Amino acid sequence: MKFVLFHGIFGGAVDNWFPFIRKGLEDIGETVIIPSFPYTTQEELLKNDPDFKVKQSLESWMAYSEKKLKDLRNKDKICFVGHSVGCLFILHLLSKWNLMLDSAFFVAPFLRQLGGKWYLDYVNKTFYKNDFDFRKLKTLIPTSYVLYSDDDPSVATKLSQEFASKLDSQEILVRGGKHFSTESGFTEFPLLLEFCKTRLK
């Protein structure tokens with residue numbers, strides 16, 4: 001199995017629980033790819049005015065994917081793992097590429113505007129989309145799981161539940177998980193690792 005992990009809007013390939021998942025899967029002989037999409041940090045954004053141009057956008061992430069991920073196309077059994085806006089980007093990518101997955105895990109996903117801190121909606125604005133061809137996406141992702149928390153300060157529970165409903169994903173509630181980030185204590189994510197391993201059986 002080839003596992004591809006998609007980071008969120010202010011994090012990168014070495015942040016949060018991504019190194020933990022990589023090591024856990026590589027230790028049992030699996031291939032793990034963690035693209036490092038262009039992003040401006042939250043600190044950089046907040047030091048500037050609200051019109052500051054950030055590096056992360058649907059356009060820049062698609063351009064990066066065309067260069068770095070093009071060899072993925074329908075060659076191997078593939079599992080995508082997304083965090084936050086990375087989940088939403090997965091839907092954009094699959095819609096464009098028609099790439100068939102074995103499965104996907106979506107952690108703290110959403111489709112629409114978060115409506116909380118202004119800078120989150122500012123950097124996410126090019127990704128928001130609620131009118132995908134979900135029938136097509138459910139064919140491309142025959143098995144999917146949505147992990148969400150009951151106390152996420154950024155993504156309301158109902159937004160992750162909506163995401164799950166649209167894709168007919170299995171919902172997994174993680175109590176006290178917040179946004180599954182380093183700030184929330186999630187430098188490791190054993191539950192997700194074990195779920196990933198189930199796709200190998």
# chains A, B, ... in the order shown; residues from 1 in each chain; ligands from 1

$ residues_around --residues "segment 138-150 of chain A" --least-positions-apart "5" --cutoff "8 Å" --atoms "only C-alpha atoms" --output "MDAnalysis selection string"
chainID A and resid 94 98:109 157 160:161 163:164 167:179

$ residues_around --residues "Thr31 of chain A" --least-positions-apart "5" --cutoff "8 Å" --atoms "only C-alpha atoms" --output "ChimeraX atom specification"
/A:1-3,25-26

$ residues_around --residues "segment 37-51 of chain A" --least-positions-apart "2" --cutoff "9 Å" --atoms "only C-alpha atoms" --output "number ranges by chain"
A: 6-7, 9-13, 35, 53-57, 60-61, 64-65, 118-119, 122

$ residues_around --residues "Lys23 of chain A" --least-positions-apart "3" --cutoff "12 Å" --atoms "only C-alpha atoms" --output "PDB file with all heavy atoms, in the first residue's frame"
ATOM      1  N   PHE A   3       0.779   5.085   1.125  1.00  0.00           N
ATOM      2  CA  PHE A   3       0.054   6.053   1.940  1.00  0.00           C
ATOM      3  C   PHE A   3       0.546   7.460   1.599  1.00  0.00           C
ATOM      4  O   PHE A   3       1.755   7.725   1.599  1.00  0.00           O
ATOM      5  CB  PHE A   3       0.270   5.786   3.431  1.00  0.00           C
ATOM      6  CG  PHE A   3      -0.374   4.522   3.922  1.00  0.00           C
ATOM      7  CD1 PHE A   3       0.301   3.309   3.837  1.00  0.00           C
ATOM      8  CD2 PHE A   3      -1.648   4.541   4.469  1.00  0.00           C
ATOM      9  CE1 PHE A   3      -0.292   2.131   4.291  1.00  0.00           C
ATOM     10  CE2 PHE A   3      -2.247   3.374   4.927  1.00  0.00           C
ATOM     11  CZ  PHE A   3      -1.563   2.164   4.835  1.00  0.00           C
ATOM     12  N   VAL A  14       6.515  17.903   8.401  1.00  0.00           N
ATOM     13  CA  VAL A  14       7.182  17.433   9.626  1.00  0.00           C
ATOM     14  C   VAL A  14       6.436  17.878  10.885  1.00  0.00           C
ATOM     15  O   VAL A  14       6.960  17.743  11.993  1.00  0.00           O
ATOM     16  CB  VAL A  14       8.653  17.921   9.684  1.00  0.00           C
ATOM     17  CG1 VAL A  14       9.436  17.361   8.506  1.00  0.00           C
ATOM     18  CG2 VAL A  14       8.725  19.452   9.687  1.00  0.00           C
ATOM     19  N   TRP A  17       1.335  15.050  13.829  1.00  0.00           N
ATOM     20  CA  TRP A  17       1.546  13.605  13.957  1.00  0.00           C
ATOM     21  C   TRP A  17       2.056  12.960  12.675  1.00  0.00           C
ATOM     22  O   TRP A  17       2.168  11.735  12.590  1.00  0.00           O
ATOM     23  CB  TRP A  17       0.236  12.920  14.361  1.00  0.00           C
ATOM     24  CG  TRP A  17      -0.986  13.550  13.751  1.00  0.00           C
ATOM     25  CD1 TRP A  17      -1.780  14.525  14.316  1.00  0.00           C
ATOM     26  CD2 TRP A  17      -1.552  13.286  12.459  1.00  0.00           C
ATOM     27  NE1 TRP A  17      -2.805  14.866  13.444  1.00  0.00           N
ATOM     28  CE2 TRP A  17      -2.692  14.125  12.308  1.00  0.00           C
ATOM     29  CE3 TRP A  17      -1.217  12.412  11.421  1.00  0.00           C
ATOM     30  CZ2 TRP A  17      -3.479  14.116  11.165  1.00  0.00           C
ATOM     31  CZ3 TRP A  17      -1.997  12.406  10.265  1.00  0.00           C
ATOM     32  CH2 TRP A  17      -3.113  13.258  10.159  1.00  0.00           C
ATOM     33  N   PHE A  18       2.420  13.745  11.689  1.00  0.00           N
ATOM     34  CA  PHE A  18       2.864  13.183  10.421  1.00  0.00           C
ATOM     35  C   PHE A  18       4.138  12.345  10.540  1.00  0.00           C
ATOM     36  O   PHE A  18       4.198  11.236   9.993  1.00  0.00           O
ATOM     37  CB  PHE A  18       3.023  14.295   9.382  1.00  0.00           C
ATOM     38  CG  PHE A  18       1.705  14.796   8.856  1.00  0.00           C
ATOM     39  CD1 PHE A  18       0.920  15.684   9.580  1.00  0.00           C
ATOM     40  CD2 PHE A  18       1.226  14.359   7.630  1.00  0.00           C
ATOM     41  CE1 PHE A  18      -0.294  16.116   9.108  1.00  0.00           C
ATOM     42  CE2 PHE A  18       0.003  14.791   7.139  1.00  0.00           C
ATOM     43  CZ  PHE A  18      -0.758  15.664   7.879  1.00  0.00           C
ATOM     44  N   PRO A  19       5.184  12.811  11.244  1.00  0.00           N
ATOM     45  CA  PRO A  19       6.378  11.960  11.394  1.00  0.00           C
ATOM     46  C   PRO A  19       6.073  10.651  12.129  1.00  0.00           C
ATOM     47  O   PRO A  19       6.653   9.608  11.805  1.00  0.00           O
ATOM     48  CB  PRO A  19       7.338  12.843  12.206  1.00  0.00           C
ATOM     49  CG  PRO A  19       6.901  14.241  11.918  1.00  0.00           C
ATOM     50  CD  PRO A  19       5.405  14.156  11.815  1.00  0.00           C
ATOM     51  N   PHE A  20       5.164  10.692  13.091  1.00  0.00           N
ATOM     52  CA  PHE A  20       4.785   9.490  13.835  1.00  0.00           C
ATOM     53  C   PHE A  20       4.126   8.467  12.915  1.00  0.00           C
ATOM     54  O   PHE A  20       4.460   7.270  12.947  1.00  0.00           O
ATOM     55  CB  PHE A  20       3.837   9.866  14.980  1.00  0.00           C
ATOM     56  CG  PHE A  20       3.238   8.691  15.697  1.00  0.00           C
ATOM     57  CD1 PHE A  20       3.947   8.017  16.669  1.00  0.00           C
ATOM     58  CD2 PHE A  20       1.947   8.254  15.395  1.00  0.00           C
ATOM     59  CE1 PHE A  20       3.402   6.921  17.334  1.00  0.00           C
ATOM     60  CE2 PHE A  20       1.379   7.170  16.044  1.00  0.00           C
ATOM     61  CZ  PHE A  20       2.111   6.497  17.011  1.00  0.00           C
ATOM     62  N   GLU A  26       6.356   2.999   7.854  1.00  0.00           N
ATOM     63  CA  GLU A  26       7.612   2.583   7.217  1.00  0.00           C
ATOM     64  C   GLU A  26       8.272   1.451   7.992  1.00  0.00           C
ATOM     65  O   GLU A  26       8.944   0.597   7.390  1.00  0.00           O
ATOM     66  CB  GLU A  26       8.561   3.772   7.085  1.00  0.00           C
ATOM     67  CG  GLU A  26       8.113   4.778   6.037  1.00  0.00           C
ATOM     68  CD  GLU A  26       9.057   5.942   5.845  1.00  0.00           C
ATOM     69  OE1 GLU A  26       9.902   6.179   6.742  1.00  0.00           O
ATOM     70  OE2 GLU A  26       8.954   6.625   4.816  1.00  0.00           O
ATOM     71  N   ASP A  27       8.077   1.406   9.290  1.00  0.00           N
ATOM     72  CA  ASP A  27       8.650   0.329  10.107  1.00  0.00           C
ATOM     73  C   ASP A  27       8.093  -1.039   9.739  1.00  0.00           C
ATOM     74  O   ASP A  27       8.719  -2.065  10.032  1.00  0.00           O
ATOM     75  CB  ASP A  27       8.403   0.592  11.599  1.00  0.00           C
ATOM     76  CG  ASP A  27       9.359   1.623  12.184  1.00  0.00           C
ATOM     77  OD1 ASP A  27      10.310   2.003  11.483  1.00  0.00           O
ATOM     78  OD2 ASP A  27       9.141   2.054  13.341  1.00  0.00           O
ATOM     79  N   ILE A  28       6.907  -1.058   9.127  1.00  0.00           N
ATOM     80  CA  ILE A  28       6.335  -2.345   8.711  1.00  0.00           C
ATOM     81  C   ILE A  28       6.408  -2.507   7.184  1.00  0.00           C
ATOM     82  O   ILE A  28       5.716  -3.332   6.605  1.00  0.00           O
ATOM     83  CB  ILE A  28       4.879  -2.509   9.210  1.00  0.00           C
ATOM     84  CG1 ILE A  28       3.978  -1.374   8.711  1.00  0.00           C
ATOM     85  CG2 ILE A  28       4.844  -2.594  10.724  1.00  0.00           C
ATOM     86  CD1 ILE A  28       2.498  -1.570   9.046  1.00  0.00           C
ATOM     87  N   GLY A  29       7.251  -1.686   6.560  1.00  0.00           N
ATOM     88  CA  GLY A  29       7.551  -1.871   5.149  1.00  0.00           C
ATOM     89  C   GLY A  29       6.654  -1.159   4.162  1.00  0.00           C
ATOM     90  O   GLY A  29       6.729  -1.422   2.955  1.00  0.00           O
ATOM     91  N   GLU A  30       5.814  -0.242   4.641  1.00  0.00           N
ATOM     92  CA  GLU A  30       4.908   0.471   3.734  1.00  0.00           C
ATOM     93  C   GLU A  30       5.565   1.741   3.195  1.00  0.00           C
ATOM     94  O   GLU A  30       6.449   2.315   3.815  1.00  0.00           O
ATOM     95  CB  GLU A  30       3.603   0.813   4.448  1.00  0.00           C
ATOM     96  CG  GLU A  30       2.848  -0.393   4.968  1.00  0.00           C
ATOM     97  CD  GLU A  30       2.565  -1.435   3.906  1.00  0.00           C
ATOM     98  OE1 GLU A  30       2.130  -1.060   2.797  1.00  0.00           O
ATOM     99  OE2 GLU A  30       2.783  -2.635   4.181  1.00  0.00           O
ATOM    100  N   THR A  31       5.092   2.174   2.041  1.00  0.00           N
ATOM    101  CA  THR A  31       5.578   3.401   1.417  1.00  0.00           C
ATOM    102  C   THR A  31       4.735   4.577   1.896  1.00  0.00           C
ATOM    103  O   THR A  31       3.508   4.512   1.863  1.00  0.00           O
ATOM    104  CB  THR A  31       5.489   3.309  -0.116  1.00  0.00           C
ATOM    105  OG1 THR A  31       6.292   2.222  -0.567  1.00  0.00           O
ATOM    106  CG2 THR A  31       5.960   4.601  -0.772  1.00  0.00           C
ATOM    107  N   VAL A  32       5.402   5.634   2.348  1.00  0.00           N
ATOM    108  CA  VAL A  32       4.702   6.826   2.835  1.00  0.00           C
ATOM    109  C   VAL A  32       5.226   8.053   2.103  1.00  0.00           C
ATOM    110  O   VAL A  32       6.432   8.272   2.026  1.00  0.00           O
ATOM    111  CB  VAL A  32       4.885   7.012   4.354  1.00  0.00           C
ATOM    112  CG1 VAL A  32       4.123   8.240   4.839  1.00  0.00           C
ATOM    113  CG2 VAL A  32       4.423   5.763   5.109  1.00  0.00           C
ATOM    114  N   ILE A  33       4.329   8.834   1.570  1.00  0.00           N
ATOM    115  CA  ILE A  33       4.676  10.087   0.893  1.00  0.00           C
ATOM    116  C   ILE A  33       3.968  11.219   1.630  1.00  0.00           C
ATOM    117  O   ILE A  33       2.768  11.154   1.883  1.00  0.00           O
ATOM    118  CB  ILE A  33       4.209  10.065  -0.576  1.00  0.00           C
ATOM    119  CG1 ILE A  33       4.890   8.924  -1.335  1.00  0.00           C
ATOM    120  CG2 ILE A  33       4.483  11.407  -1.256  1.00  0.00           C
ATOM    121  CD1 ILE A  33       4.291   8.683  -2.717  1.00  0.00           C
ATOM    122  N   ILE A  34       4.728  12.247   1.993  1.00  0.00           N
ATOM    123  CA  ILE A  34       4.128  13.418   2.644  1.00  0.00           C
ATOM    124  C   ILE A  34       4.517  14.659   1.841  1.00  0.00           C
ATOM    125  O   ILE A  34       5.600  15.210   2.024  1.00  0.00           O
ATOM    126  CB  ILE A  34       4.571  13.576   4.108  1.00  0.00           C
ATOM    127  CG1 ILE A  34       4.425  12.256   4.878  1.00  0.00           C
ATOM    128  CG2 ILE A  34       3.752  14.678   4.778  1.00  0.00           C
ATOM    129  CD1 ILE A  34       4.837  12.357   6.333  1.00  0.00           C
ATOM    130  N   GLU A 188       1.747  12.470  18.368  1.00  0.00           N
ATOM    131  CA  GLU A 188       1.544  11.065  18.044  1.00  0.00           C
ATOM    132  C   GLU A 188       0.042  10.832  17.867  1.00  0.00           C
ATOM    133  O   GLU A 188      -0.766  11.556  18.436  1.00  0.00           O
ATOM    134  CB  GLU A 188       2.090  10.154  19.150  1.00  0.00           C
ATOM    135  CG  GLU A 188       3.578  10.297  19.377  1.00  0.00           C
ATOM    136  CD  GLU A 188       4.103   9.331  20.430  1.00  0.00           C
ATOM    137  OE1 GLU A 188       3.277   8.613  21.047  1.00  0.00           O
ATOM    138  OE2 GLU A 188       5.324   9.282  20.625  1.00  0.00           O
ATOM    139  N   PHE A 189      -0.292   9.810  17.078  1.00  0.00           N
ATOM    140  CA  PHE A 189      -1.699   9.518  16.835  1.00  0.00           C
ATOM    141  C   PHE A 189      -1.846   8.001  16.665  1.00  0.00           C
ATOM    142  O   PHE A 189      -2.127   7.508  15.567  1.00  0.00           O
ATOM    143  CB  PHE A 189      -2.170  10.264  15.590  1.00  0.00           C
ATOM    144  CG  PHE A 189      -3.659  10.524  15.527  1.00  0.00           C
ATOM    145  CD1 PHE A 189      -4.178  11.474  14.652  1.00  0.00           C
ATOM    146  CD2 PHE A 189      -4.563   9.816  16.316  1.00  0.00           C
ATOM    147  CE1 PHE A 189      -5.545  11.718  14.566  1.00  0.00           C
ATOM    148  CE2 PHE A 189      -5.921  10.045  16.249  1.00  0.00           C
ATOM    149  CZ  PHE A 189      -6.410  10.997  15.373  1.00  0.00           C
ATOM    150  N   PRO A 190      -1.674   7.244  17.766  1.00  0.00           N
ATOM    151  CA  PRO A 190      -1.713   5.781  17.673  1.00  0.00           C
ATOM    152  C   PRO A 190      -3.016   5.236  17.099  1.00  0.00           C
ATOM    153  O   PRO A 190      -3.001   4.241  16.361  1.00  0.00           O
ATOM    154  CB  PRO A 190      -1.530   5.332  19.137  1.00  0.00           C
ATOM    155  CG  PRO A 190      -0.842   6.482  19.803  1.00  0.00           C
ATOM    156  CD  PRO A 190      -1.360   7.713  19.123  1.00  0.00           C
ATOM    157  N   LEU A 193      -2.883   5.464  13.362  1.00  0.00           N
ATOM    158  CA  LEU A 193      -1.914   4.493  12.846  1.00  0.00           C
ATOM    159  C   LEU A 193      -2.522   3.100  12.780  1.00  0.00           C
ATOM    160  O   LEU A 193      -2.370   2.386  11.780  1.00  0.00           O
ATOM    161  CB  LEU A 193      -0.655   4.486  13.713  1.00  0.00           C
ATOM    162  CG  LEU A 193       0.421   3.466  13.328  1.00  0.00           C
ATOM    163  CD1 LEU A 193       0.910   3.690  11.901  1.00  0.00           C
ATOM    164  CD2 LEU A 193       1.596   3.529  14.314  1.00  0.00           C
TER     165      LEU A 193
END

$ select_by_dssp --residues "segment 47-174 of chain A" --states "strand (DSSP E)" --output "count of residues only"
22

$ closest_residue --among "A:Leu137, A:Leu5, A:Ile78, A:Val123" --to "Lys96 of chain A" --atoms "only C-alpha atoms"
A:Leu137

$ closest_residue --among "A:Asp131, A:Glu194, A:Gly116, A:Phe110" --to "Glu162 of chain A" --atoms "only C-alpha atoms"
A:Phe110

$ atom_distance --atom1 "atom CA of Ser165 of chain A" --atom2 "atom CA of Phe134 of chain A"
10.1 Å

$ closest_residue --among "A:Val4, A:Leu58, A:Leu93, A:Val155" --to "Arg22 of chain A" --atoms "only C-alpha atoms"
A:Val4

$ select_by_dssp --residues "segment 46-201 of chain A" --states "helix (DSSP H, G or I)" --output "PyMOL selection string"
chain A and resi 46+58-68+70-72+85-97+118-124+134-140+157-167+182-184+190-198

$ atom_distance --atom1 "atom CA of Leu88 of chain A" --atom2 "atom CA of Leu111 of chain A"
6.3 Å
